[in-house]
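Shown below: entry_39.cif, with mmCIF, C-alpha atoms.
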```cif
data_start
loop_
_atom_site.group_PDB
_atom_site.id
_atom_site.type_symbol
_atom_site.label_atom_id
_atom_site.label_comp_id
_atom_site.auth_asym_id
_atom_site.auth_seq_id
_atom_site.Cartn_x
_atom_site.Cartn_y
_atom_site.Cartn_z
ATOM 1 C CA MET Q 28 -13.031 -33.962 19.720
ATOM 2 C CA ILE Q 29 -9.662 -34.909 21.181
ATOM 3 C CA PHE Q 30 -6.533 -32.876 20.499
ATOM 4 C CA ARG Q 31 -3.373 -34.912 20.887
ATOM 5 C CA ARG Q 32 0.067 -33.877 19.704
ATOM 6 C CA GLN Q 33 -1.402 -31.474 17.159
ATOM 7 C CA LYS Q 34 -3.523 -34.194 15.554
ATOM 8 C CA TRP Q 35 -7.315 -33.961 15.548
ATOM 9 C CA ILE Q 36 -9.257 -37.100 16.437
ATOM 10 C CA ALA Q 37 -13.031 -36.928 16.466
ATOM 11 C CA PRO Q 38 -15.146 -38.978 18.869
ATOM 12 C CA ALA Q 39 -18.448 -37.128 19.315
ATOM 13 C CA ARG Q 40 -19.201 -35.455 22.627
ATOM 14 C CA ALA Q 41 -22.137 -33.303 23.495
ATOM 15 C CA GLY Q 42 -21.230 -29.653 23.958
ATOM 16 C CA MET Q 43 -17.740 -29.819 22.479
ATOM 17 C CA VAL Q 44 -17.534 -26.070 22.173
ATOM 18 C CA GLY Q 45 -13.924 -26.347 23.230
ATOM 19 C CA VAL Q 46 -12.854 -27.433 19.765
ATOM 20 C CA LEU Q 47 -13.716 -24.043 18.323
ATOM 21 C CA LEU Q 48 -11.091 -22.096 20.179
ATOM 22 C CA ALA Q 49 -8.357 -24.652 19.575
ATOM 23 C CA GLY Q 50 -9.437 -24.987 15.968
ATOM 24 C CA ALA Q 51 -9.473 -21.249 15.459
ATOM 25 C CA LEU Q 52 -5.907 -21.072 16.711
ATOM 26 C CA THR Q 53 -4.865 -23.368 13.857
ATOM 27 C CA MET Q 54 -6.627 -21.399 11.144
ATOM 28 C CA ALA Q 55 -3.766 -18.970 10.648
ATOM 29 C CA ALA Q 56 -1.720 -21.815 9.207
ATOM 30 C CA ALA Q 57 -4.558 -23.105 7.033
ATOM 31 C CA PRO Q 58 -5.316 -22.080 3.430
ATOM 32 C CA ALA Q 59 -7.523 -19.018 3.216
ATOM 33 C CA VAL Q 60 -11.223 -19.833 2.931
ATOM 34 C CA ALA Q 61 -13.933 -17.227 2.536
ATOM 35 C CA ALA Q 62 -16.547 -17.185 5.278
ATOM 36 C CA PRO Q 63 -19.625 -19.036 4.002
ATOM 37 C CA GLY Q 64 -22.838 -17.128 3.513
ATOM 38 C CA SER Q 65 -25.942 -17.868 5.501
ATOM 39 C CA GLY Q 66 -27.065 -20.422 2.941
ATOM 40 C CA SER Q 67 -23.857 -22.465 2.992
ATOM 41 C CA ALA Q 68 -24.147 -26.049 4.130
ATOM 42 C CA ALA Q 69 -21.594 -27.801 6.293
ATOM 43 C CA PRO Q 70 -19.873 -30.849 4.795
ATOM 44 C CA ALA Q 71 -21.746 -34.127 5.056
ATOM 45 C CA VAL Q 72 -20.824 -36.228 8.085
ATOM 46 C CA SER Q 73 -20.825 -40.013 7.958
ATOM 47 C CA ALA Q 74 -23.650 -41.666 9.875
ATOM 48 C CA GLY Q 75 -21.373 -44.353 11.274
ATOM 49 C CA THR Q 76 -22.403 -47.879 12.175
ATOM 50 C CA VAL Q 77 -24.212 -49.400 15.150
ATOM 51 C CA ILE Q 78 -23.675 -52.173 17.654
ATOM 52 C CA GLU Q 79 -26.992 -53.615 18.750
ATOM 53 C CA PRO Q 80 -27.227 -56.012 21.674
ATOM 54 C CA ALA Q 81 -29.193 -59.218 21.465
ATOM 55 C CA ILE Q 82 -32.687 -58.537 22.759
ATOM 56 C CA ASP Q 83 -32.434 -61.424 25.199
ATOM 57 C CA CYS Q 84 -34.862 -60.303 27.899
ATOM 58 C CA LEU Q 85 -38.518 -59.458 28.257
ATOM 59 C CA PRO Q 86 -40.197 -56.797 30.392
ATOM 60 C CA SER Q 87 -42.358 -57.867 33.293
ATOM 61 C CA SER Q 88 -45.566 -56.453 34.700
ATOM 62 C CA ALA Q 89 -43.486 -54.875 37.494
ATOM 63 C CA ARG Q 90 -40.893 -53.464 35.051
ATOM 64 C CA PRO Q 91 -42.839 -52.997 31.813
ATOM 65 C CA ASN Q 92 -40.376 -50.668 30.054
ATOM 66 C CA PRO Q 93 -37.120 -52.016 28.625
ATOM 67 C CA VAL Q 94 -34.203 -49.748 29.578
ATOM 68 C CA ILE Q 95 -31.985 -48.616 26.728
ATOM 69 C CA VAL Q 96 -28.541 -47.625 27.976
ATOM 70 C CA LEU Q 97 -26.555 -45.166 25.839
ATOM 71 C CA PRO Q 98 -22.842 -44.916 26.725
ATOM 72 C CA GLY Q 99 -20.851 -41.738 26.257
ATOM 73 C CA ALA Q 100 -17.969 -41.293 23.836
ATOM 74 C CA ASP Q 101 -15.227 -42.044 26.360
ATOM 75 C CA GLY Q 102 -13.108 -45.017 25.435
ATOM 76 C CA GLY Q 103 -14.103 -47.247 22.542
ATOM 77 C CA THR Q 104 -16.592 -49.978 21.804
ATOM 78 C CA ALA Q 105 -14.144 -52.563 23.142
ATOM 79 C CA ASP Q 106 -14.386 -50.898 26.567
ATOM 80 C CA THR Q 107 -18.160 -50.845 26.811
ATOM 81 C CA ALA Q 108 -18.739 -54.061 28.737
ATOM 82 C CA ALA Q 109 -16.268 -53.122 31.474
ATOM 83 C CA GLN Q 110 -17.483 -49.521 31.683
ATOM 84 C CA TRP Q 111 -21.162 -50.392 31.906
ATOM 85 C CA GLY Q 112 -21.119 -53.733 33.733
ATOM 86 C CA PRO Q 113 -22.136 -52.241 37.126
ATOM 87 C CA MET Q 114 -25.039 -50.313 35.602
ATOM 88 C CA VAL Q 115 -26.422 -53.155 33.514
ATOM 89 C CA SER Q 116 -26.032 -55.643 36.382
ATOM 90 C CA ALA Q 117 -27.898 -53.339 38.771
ATOM 91 C CA LEU Q 118 -30.746 -52.789 36.330
ATOM 92 C CA ARG Q 119 -31.111 -56.470 35.514
ATOM 93 C CA HIS Q 120 -30.924 -57.382 39.199
ATOM 94 C CA GLU Q 121 -33.876 -55.034 39.666
ATOM 95 C CA GLY Q 122 -35.778 -56.995 37.022
ATOM 96 C CA ALA Q 123 -35.335 -54.541 34.167
ATOM 97 C CA CYS Q 124 -34.704 -55.608 30.585
ATOM 98 C CA ALA Q 125 -31.567 -53.466 30.142
ATOM 99 C CA LEU Q 126 -29.947 -53.189 26.703
ATOM 100 C CA VAL Q 127 -26.800 -51.221 25.768
ATOM 101 C CA PHE Q 128 -27.038 -49.527 22.358
ATOM 102 C CA GLN Q 129 -24.090 -47.894 20.584
ATOM 103 C CA GLY Q 130 -24.459 -45.837 17.415
ATOM 104 C CA GLY Q 131 -22.615 -43.381 15.203
ATOM 105 C CA ILE Q 132 -19.562 -45.638 15.402
ATOM 106 C CA VAL Q 133 -16.529 -44.528 13.412
ATOM 107 C CA ASP Q 134 -13.160 -46.242 13.908
ATOM 108 C CA GLY Q 135 -14.382 -47.926 17.077
ATOM 109 C CA LYS Q 136 -15.583 -44.672 18.652
ATOM 110 C CA ARG Q 137 -19.225 -44.180 19.667
ATOM 111 C CA TRP Q 138 -21.196 -41.151 18.541
ATOM 112 C CA ALA Q 139 -18.393 -40.081 16.182
ATOM 113 C CA GLY Q 140 -20.693 -39.764 13.166
ATOM 114 C CA ASP Q 141 -23.525 -37.414 12.259
ATOM 115 C CA MET Q 142 -25.535 -36.827 15.431
ATOM 116 C CA PRO Q 143 -29.014 -36.592 13.835
ATOM 117 C CA SER Q 144 -28.246 -39.862 12.053
ATOM 118 C CA ALA Q 145 -27.243 -41.416 15.378
ATOM 119 C CA ALA Q 146 -30.579 -40.309 16.835
ATOM 120 C CA ARG Q 147 -32.361 -41.969 13.923
ATOM 121 C CA GLN Q 148 -30.350 -45.129 14.576
ATOM 122 C CA LEU Q 149 -31.602 -44.983 18.157
ATOM 123 C CA ALA Q 150 -35.177 -44.510 16.946
ATOM 124 C CA GLN Q 151 -34.871 -47.628 14.790
ATOM 125 C CA PHE Q 152 -33.543 -49.626 17.726
ATOM 126 C CA VAL Q 153 -36.347 -48.410 19.978
ATOM 127 C CA ALA Q 154 -38.854 -49.599 17.376
ATOM 128 C CA LYS Q 155 -37.111 -52.985 17.200
ATOM 129 C CA VAL Q 156 -37.098 -53.377 20.993
ATOM 130 C CA LYS Q 157 -40.790 -52.546 21.206
ATOM 131 C CA ALA Q 158 -41.670 -54.939 18.387
ATOM 132 C CA THR Q 159 -39.578 -57.770 19.856
ATOM 133 C CA THR Q 160 -40.628 -57.413 23.486
ATOM 134 C CA GLY Q 161 -44.181 -56.162 23.033
ATOM 135 C CA ALA Q 162 -43.431 -53.160 25.235
ATOM 136 C CA ALA Q 163 -45.342 -49.971 24.624
ATOM 137 C CA LYS Q 164 -42.531 -47.693 25.860
ATOM 138 C CA VAL Q 165 -38.864 -47.697 26.848
ATOM 139 C CA ASP Q 166 -36.833 -45.832 29.449
ATOM 140 C CA ILE Q 167 -33.454 -44.295 28.588
ATOM 141 C CA VAL Q 168 -30.293 -44.057 30.683
ATOM 142 C CA ALA Q 169 -27.634 -42.004 28.880
ATOM 143 C CA HIS Q 170 -24.169 -40.657 29.587
ATOM 144 C CA SER Q 171 -22.309 -37.640 28.166
ATOM 145 C CA ALA Q 172 -22.532 -37.682 24.339
ATOM 146 C CA GLY Q 173 -25.257 -40.312 24.573
ATOM 147 C CA THR Q 174 -27.448 -37.749 26.312
ATOM 148 C CA PHE Q 175 -27.395 -35.481 23.257
ATOM 149 C CA VAL Q 176 -28.486 -38.380 21.044
ATOM 150 C CA ALA Q 177 -31.244 -39.195 23.524
ATOM 151 C CA ASN Q 178 -32.432 -35.582 23.671
ATOM 152 C CA TYR Q 179 -32.428 -35.288 19.880
ATOM 153 C CA PHE Q 180 -34.520 -38.462 19.619
ATOM 154 C CA VAL Q 181 -36.989 -37.413 22.299
ATOM 155 C CA LYS Q 182 -37.378 -33.758 21.309
ATOM 156 C CA VAL Q 183 -36.655 -33.482 17.584
ATOM 157 C CA LEU Q 184 -37.720 -36.917 16.339
ATOM 158 C CA GLY Q 185 -40.838 -37.107 18.489
ATOM 159 C CA GLY Q 186 -39.659 -39.897 20.769
ATOM 160 C CA ALA Q 187 -41.239 -38.323 23.861
ATOM 161 C CA ALA Q 188 -44.394 -40.380 23.396
ATOM 162 C CA GLU Q 189 -42.283 -43.538 23.749
ATOM 163 C CA VAL Q 190 -39.982 -42.532 26.644
ATOM 164 C CA PRO Q 191 -41.499 -41.836 30.080
ATOM 165 C CA ASN Q 192 -38.115 -41.650 31.874
ATOM 166 C CA MET Q 193 -34.804 -40.032 30.885
ATOM 167 C CA VAL Q 194 -31.898 -40.473 33.319
ATOM 168 C CA LEU Q 195 -28.904 -38.398 32.202
ATOM 169 C CA LEU Q 196 -25.382 -38.754 33.609
ATOM 170 C CA THR Q 197 -22.978 -35.784 33.253
ATOM 171 C CA PRO Q 198 -24.758 -34.401 30.209
ATOM 172 C CA GLU Q 199 -23.284 -31.433 28.375
ATOM 173 C CA ALA Q 200 -26.349 -29.311 27.873
ATOM 174 C CA ARG Q 201 -26.694 -25.543 28.088
ATOM 175 C CA GLY Q 202 -24.347 -23.249 29.972
ATOM 176 C CA CYS Q 203 -21.127 -25.041 28.972
ATOM 177 C CA ASP Q 204 -18.072 -22.852 28.421
ATOM 178 C CA GLY Q 205 -15.600 -25.386 26.992
ATOM 179 C CA VAL Q 206 -12.857 -24.160 29.343
ATOM 180 C CA GLY Q 207 -12.465 -27.443 31.209
ATOM 181 C CA PHE Q 208 -12.239 -29.410 27.994
ATOM 182 C CA LEU Q 209 -9.403 -27.254 26.644
ATOM 183 C CA ALA Q 210 -7.601 -27.333 30.004
ATOM 184 C CA GLN Q 211 -7.130 -31.081 29.593
ATOM 185 C CA TYR Q 212 -4.849 -30.337 26.664
ATOM 186 C CA GLY Q 213 -2.811 -27.544 28.214
ATOM 187 C CA LEU Q 214 -4.880 -24.606 26.909
ATOM 188 C CA LYS Q 215 -5.510 -22.556 30.043
ATOM 189 C CA ASP Q 216 -6.045 -18.937 31.047
ATOM 190 C CA LEU Q 217 -7.093 -17.940 27.548
ATOM 191 C CA PRO Q 218 -8.581 -14.456 27.046
ATOM 192 C CA ILE Q 219 -11.828 -15.798 25.597
ATOM 193 C CA THR Q 220 -13.878 -18.913 26.199
ATOM 194 C CA PRO Q 221 -14.941 -21.154 23.330
ATOM 195 C CA VAL Q 222 -18.576 -20.157 23.834
ATOM 196 C CA GLN Q 223 -17.680 -16.488 23.661
ATOM 197 C CA LEU Q 224 -15.737 -17.188 20.475
ATOM 198 C CA VAL Q 225 -18.541 -19.012 18.701
ATOM 199 C CA THR Q 226 -21.017 -16.356 19.784
ATOM 200 C CA ALA Q 227 -18.826 -13.628 18.325
ATOM 201 C CA LEU Q 228 -17.819 -15.575 15.204
ATOM 202 C CA PRO Q 229 -20.576 -18.082 14.371
ATOM 203 C CA PHE Q 230 -19.203 -18.573 10.837
ATOM 204 C CA LEU Q 231 -16.353 -20.578 12.392
ATOM 205 C CA VAL Q 232 -18.551 -23.698 12.490
ATOM 206 C CA PRO Q 233 -18.891 -24.125 8.707
ATOM 207 C CA VAL Q 234 -15.367 -22.768 8.110
ATOM 208 C CA LEU Q 235 -13.719 -25.241 10.459
ATOM 209 C CA SER Q 236 -15.934 -28.054 9.195
ATOM 210 C CA THR Q 237 -14.619 -27.334 5.712
ATOM 211 C CA LEU Q 238 -10.978 -26.927 6.720
ATOM 212 C CA MET Q 239 -10.981 -29.880 9.114
ATOM 213 C CA PRO Q 240 -13.625 -32.451 8.122
ATOM 214 C CA SER Q 241 -12.677 -34.638 11.090
ATOM 215 C CA MET Q 242 -14.036 -31.867 13.326
ATOM 216 C CA ALA Q 243 -17.467 -31.731 11.671
ATOM 217 C CA ASN Q 244 -19.072 -34.159 14.111
ATOM 218 C CA ALA Q 245 -18.018 -32.275 17.246
ATOM 219 C CA LEU Q 246 -18.829 -28.941 15.628
ATOM 220 C CA GLN Q 247 -22.440 -30.079 15.310
ATOM 221 C CA LEU Q 248 -22.557 -29.877 19.096
ATOM 222 C CA THR Q 249 -21.642 -26.208 19.447
ATOM 223 C CA PRO Q 250 -24.101 -23.349 20.030
ATOM 224 C CA ALA Q 251 -23.697 -22.002 16.484
ATOM 225 C CA SER Q 252 -24.729 -25.332 14.935
ATOM 226 C CA GLU Q 253 -28.237 -25.931 13.627
ATOM 227 C CA VAL Q 254 -28.050 -29.431 15.128
ATOM 228 C CA TYR Q 255 -27.389 -27.971 18.571
ATOM 229 C CA LYS Q 256 -30.103 -25.343 18.163
ATOM 230 C CA ALA Q 257 -32.675 -27.977 17.217
ATOM 231 C CA VAL Q 258 -32.207 -29.581 20.631
ATOM 232 C CA MET Q 259 -31.291 -26.706 22.922
ATOM 233 C CA ASP Q 260 -33.382 -23.792 21.647
ATOM 234 C CA GLY Q 261 -36.676 -23.535 23.498
ATOM 235 C CA PRO Q 262 -37.728 -26.007 26.195
ATOM 236 C CA LEU Q 263 -35.601 -29.131 26.368
ATOM 237 C CA VAL Q 264 -37.985 -30.966 28.682
ATOM 238 C CA GLN Q 265 -40.802 -32.667 26.803
ATOM 239 C CA PRO Q 266 -44.326 -33.213 28.168
ATOM 240 C CA GLY Q 267 -44.852 -36.632 29.697
ATOM 241 C CA VAL Q 268 -41.126 -37.326 30.190
ATOM 242 C CA ARG Q 269 -39.525 -37.376 33.646
ATOM 243 C CA TYR Q 270 -35.916 -36.112 33.614
ATOM 244 C CA SER Q 271 -33.230 -36.878 36.199
ATOM 245 C CA VAL Q 272 -29.699 -35.450 35.921
ATOM 246 C CA LEU Q 273 -26.602 -36.511 37.859
ATOM 247 C CA ALA Q 274 -23.509 -34.279 37.661
ATOM 248 C CA THR Q 275 -20.167 -34.333 39.453
ATOM 249 C CA LYS Q 276 -18.245 -31.459 40.990
ATOM 250 C CA ASN Q 277 -15.065 -33.070 39.630
ATOM 251 C CA ASP Q 278 -16.192 -32.750 36.019
ATOM 252 C CA GLY Q 279 -13.284 -31.657 33.838
ATOM 253 C CA VAL Q 280 -15.198 -31.842 30.552
ATOM 254 C CA ALA Q 281 -18.683 -30.443 31.168
ATOM 255 C CA THR Q 282 -17.642 -27.119 32.682
ATOM 256 C CA PRO Q 283 -18.594 -25.291 34.761
ATOM 257 C CA PRO Q 284 -19.671 -28.415 36.711
ATOM 258 C CA GLY Q 285 -23.402 -28.438 37.244
ATOM 259 C CA VAL Q 286 -23.977 -25.260 35.266
ATOM 260 C CA CYS Q 287 -23.143 -27.164 32.094
ATOM 261 C CA SER Q 288 -25.040 -30.354 32.991
ATOM 262 C CA PHE Q 289 -28.120 -29.309 34.930
ATOM 263 C CA ILE Q 290 -31.349 -28.746 33.033
ATOM 264 C CA THR Q 291 -32.917 -25.802 34.830
ATOM 265 C CA GLU Q 292 -36.496 -26.389 33.771
ATOM 266 C CA PRO Q 293 -39.562 -27.267 35.868
ATOM 267 C CA GLY Q 294 -39.833 -30.835 37.106
ATOM 268 C CA VAL Q 295 -36.208 -31.872 36.495
ATOM 269 C CA THR Q 296 -34.229 -33.579 39.258
ATOM 270 C CA ASN Q 297 -30.693 -32.107 39.252
ATOM 271 C CA VAL Q 298 -28.177 -33.439 41.784
ATOM 272 C CA PHE Q 299 -24.429 -33.656 42.379
ATOM 273 C CA TYR Q 300 -22.925 -37.086 42.995
ATOM 274 C CA GLU Q 301 -20.823 -35.677 45.845
ATOM 275 C CA ASP Q 302 -23.877 -34.342 47.665
ATOM 276 C CA LEU Q 303 -25.594 -37.722 47.470
ATOM 277 C CA PHE Q 304 -22.558 -39.862 48.304
ATOM 278 C CA PRO Q 305 -20.120 -37.743 50.354
ATOM 279 C CA GLY Q 306 -18.182 -40.750 51.632
ATOM 280 C CA SER Q 307 -17.852 -42.601 48.352
ATOM 281 C CA PRO Q 308 -14.780 -42.802 46.104
ATOM 282 C CA ALA Q 309 -14.318 -39.772 43.873
ATOM 283 C CA VAL Q 310 -15.657 -39.857 40.326
ATOM 284 C CA ASP Q 311 -15.186 -37.610 37.306
ATOM 285 C CA HIS Q 312 -17.029 -36.926 34.060
ATOM 286 C CA SER Q 313 -16.366 -40.414 32.722
ATOM 287 C CA THR Q 314 -16.049 -42.679 35.753
ATOM 288 C CA VAL Q 315 -19.359 -41.608 37.271
ATOM 289 C CA ARG Q 316 -21.028 -44.083 34.917
ATOM 290 C CA SER Q 317 -19.222 -47.066 36.485
ATOM 291 C CA SER Q 318 -19.910 -46.234 40.117
ATOM 292 C CA PRO Q 319 -22.145 -48.696 41.973
ATOM 293 C CA ASP Q 320 -23.607 -45.681 43.784
ATOM 294 C CA THR Q 321 -24.598 -44.163 40.445
ATOM 295 C CA ALA Q 322 -26.226 -47.426 39.443
ATOM 296 C CA LYS Q 323 -28.267 -47.461 42.667
ATOM 297 C CA TRP Q 324 -29.325 -43.856 42.052
ATOM 298 C CA VAL Q 325 -30.411 -44.682 38.494
ATOM 299 C CA VAL Q 326 -32.533 -47.574 39.782
ATOM 300 C CA GLU Q 327 -34.159 -45.218 42.292
ATOM 301 C CA GLN Q 328 -34.977 -42.666 39.591
ATOM 302 C CA LEU Q 329 -36.635 -45.313 37.461
ATOM 303 C CA TYR Q 330 -38.487 -47.268 40.116
ATOM 304 C CA SER Q 331 -39.101 -45.156 43.214
#
```
Written as structure tokens, how would this file's structure read?
Amino acid sequence: MIFRRQKWIAPARAGMVGVLLAGALTMAAAPAVAAPGSGSAAPAVSAGTVIEPAIDCLPSSARPNPVIVLPGADGGTADTAAQWGPMVSALRHEGACALVFQGGIVDGKRWAGDMPSAARQLAQFVAKVKATTGAAKVDIVAHSAGTFVANYFVKVLGGAAEVPNMVLLTPEARGCDGVGFLAQYGLKDLPITPVQLVTALPFLVPVLSTLMPSMANALQLTPASEVYKAVMDGPLVQPGVRYSVLATKNDGVATPPGVCSFITEPGVTNVFYEDLFPGSPAVDHSTVRSSPDTAKWVVEQLYS
């Protein structure tokens, strides 16, 4: 959810709890709506479309798993090639069959549709890649909002049996407070964080989804949402899947940095970019995905 000049625009991002506080501040000017009961359903959210790459490579005996790359929601589909060129080039140079998949596309924005539907779109693409290449499994490299789609596929849709490796870049998982996201739009030093707000007033999710349908996608990714709970309640790590997480101390979206991104469960590799590459150019929540150093780290997680 992006708030610009008092207009709501809705590209999906994992953990967008920040929209709740900003949205709640607008409710005083909105028509009165009774708080839904426990059985009320949120408005339907469009699934969005997909952009599938040509499956123009085959796995080898040394690299048997195709690598499906899931971008985040930053920028639009027209920016994907430039954003992900370093990553795809590094993976293909290593001999991997790397394929960039984009789903939930609404108005040129990735992951802006219904998140469970986007995960099902991913599941269909995984099946197509396996059928076309003959591979038994795939690895996943995902960034930001793409990590939520990946986690929904692996945990909720049963994709764990097909994915031995999950490499997640600046994911917005548990522990996010939404403060950094709101700060980008001038909302600072507020008396309550978005997470505190949604915890105190969980009915805001269906209320705001009704009042502001363009927010429904991002609201799925807040702690009061059943979509969020399906992924984040209980263990996130699935048996047989190796998880690696890269965060940045300069993250202005997934705040607090590290706390929001790291998956504190047994067996997960959680590292800060700055600790690994202290002399490298600075990165932030978005630009970490285009760093050649990040690409090298991803290759190491998959093949070392």
Which protein, DNA or RNA residues are at most 6 Å from (-39.8, -49.0, 38.7) in the file's coordinates when you count only C-alpha atoms, listed as a PyMOL selection string? chain Q and resi 90+329-331
Residues within 6 Å of stretch 266-277 of chain Q, please, as a ChimeraX atom specification. Count only C-alpha atoms; anything in the same chain fewer than 3 positions from it doesn't count. /Q:191-197,284-285,295-300,311
Preceding selection exported with C-alpha atoms as an mmCIF file, in the coordinates of the input:
```
data_model
loop_
_atom_site.group_PDB
_atom_site.id
_atom_site.type_symbol
_atom_site.label_atom_id
_atom_site.label_comp_id
_atom_site.auth_asym_id
_atom_site.auth_seq_id
_atom_site.Cartn_x
_atom_site.Cartn_y
_atom_site.Cartn_z
ATOM 1 C CA PRO Q 191 -41.499 -41.836 30.080
ATOM 2 C CA ASN Q 192 -38.115 -41.650 31.874
ATOM 3 C CA MET Q 193 -34.804 -40.032 30.885
ATOM 4 C CA VAL Q 194 -31.898 -40.473 33.319
ATOM 5 C CA LEU Q 195 -28.904 -38.398 32.202
ATOM 6 C CA LEU Q 196 -25.382 -38.754 33.609
ATOM 7 C CA THR Q 197 -22.978 -35.784 33.253
ATOM 8 C CA PRO Q 284 -19.671 -28.415 36.711
ATOM 9 C CA GLY Q 285 -23.402 -28.438 37.244
ATOM 10 C CA VAL Q 295 -36.208 -31.872 36.495
ATOM 11 C CA THR Q 296 -34.229 -33.579 39.258
ATOM 12 C CA ASN Q 297 -30.693 -32.107 39.252
ATOM 13 C CA VAL Q 298 -28.177 -33.439 41.784
ATOM 14 C CA PHE Q 299 -24.429 -33.656 42.379
ATOM 15 C CA TYR Q 300 -22.925 -37.086 42.995
ATOM 16 C CA ASP Q 311 -15.186 -37.610 37.306
#
```
Taking all atoms listed in the file into account, name the residue in Q:Ala100, Q:Ala169, Q:Met142, Q:Cys84 that is nearest to Q:Ala322.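 Of Q:Ala100, Q:Ala169, Q:Met142, Q:Cys84, the one nearest Q:Ala322 is Q:Ala169, counting all atoms listed in the file.
When the PyMOL selection byres ((chain Q and resi 160) around 10) is evaluated on the file shown here, the picked residues come out as Ile82, Asp83, Cys84, Leu85, Pro86, Ser87, Pro91, Asn92, Pro93, Cys124, Lys155, Val156, Lys157, Ala158, Thr159, Gly161, Ala162 and Ala163 of chain Q.
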Leaving out Q:Val127 and any residue of its chain fewer than 5 positions from it, which residues lie within 7 Å of it when counting all atoms listed in the file, given as a list in words? Pro80, Ile95, Val96 and Leu97 of chain Q
Students should find that atom CA of Q:Ala177 and atom CA of Q:Phe304 are spaced 26.3 Å
Quick check on the file I pasted: which residues fall under the PyMOL selection byres ((chain Q and resi 73) around 8)? Write them as a ChimeraX atom specification. /Q:71-72,74-75,140-141
Assuming 3 Å of padding per side, give the centre and edge lengths of the axis-aligned box around every listed atom of stretch 256-275 of chain Q, in Å to one decimal and as AutoDock Vina command-line options.
```
--center_x -32.5 --center_y -30.5 --center_z 28.3 --size_x 30.7 --size_y 19.8 --size_z 28.2
```
Mind telling me what the PyMOL selection byres ((chain Q and resi 202) around 7) catches here, as a count of residues only? 6
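Atom CA of Q:Gln247 is positioned 27.0 Å from atom CA of Q:Val94.
In this structure, atom CA of Q:Asp320 sits 22.0 Å away from atom CA of Q:Phe128.
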Selected residue of minimal separation from Q:Gly131 among Q:Val115, Q:Ala150, Q:Val176, Q:Val168, counting all atoms listed in the file: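 Of all the options, Q:Val176 lies closest to Q:Gly131.
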Determine the nearest neighbour of Q:Val181 from the options Q:Glu79, Q:Asp106, Q:Asp166, Q:Glu121, counting only C-alpha atoms.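 Distance minimum relative to Q:Val181 lands on Q:Asp166.
Closest approach to Q:Gln148 among Q:Val325, Q:Val190, Q:Ala251, Q:Leu184 is made by Q:Leu184 (distances from all atoms listed in the file).
Candidate residues Q:Leu126, Q:Ala146, Q:Ile290, Q:Ala139 were compared for distance to Q:Val165, and the nearest is Q:Leu126, using only C-alpha atoms.
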So, counting only C-alpha atoms, which residue among Q:Pro143, Q:Met259, Q:Gly173, Q:Gly102 is closest to Q:Gln129?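 So, comparing all the options, the nearest one is Q:Gly173.
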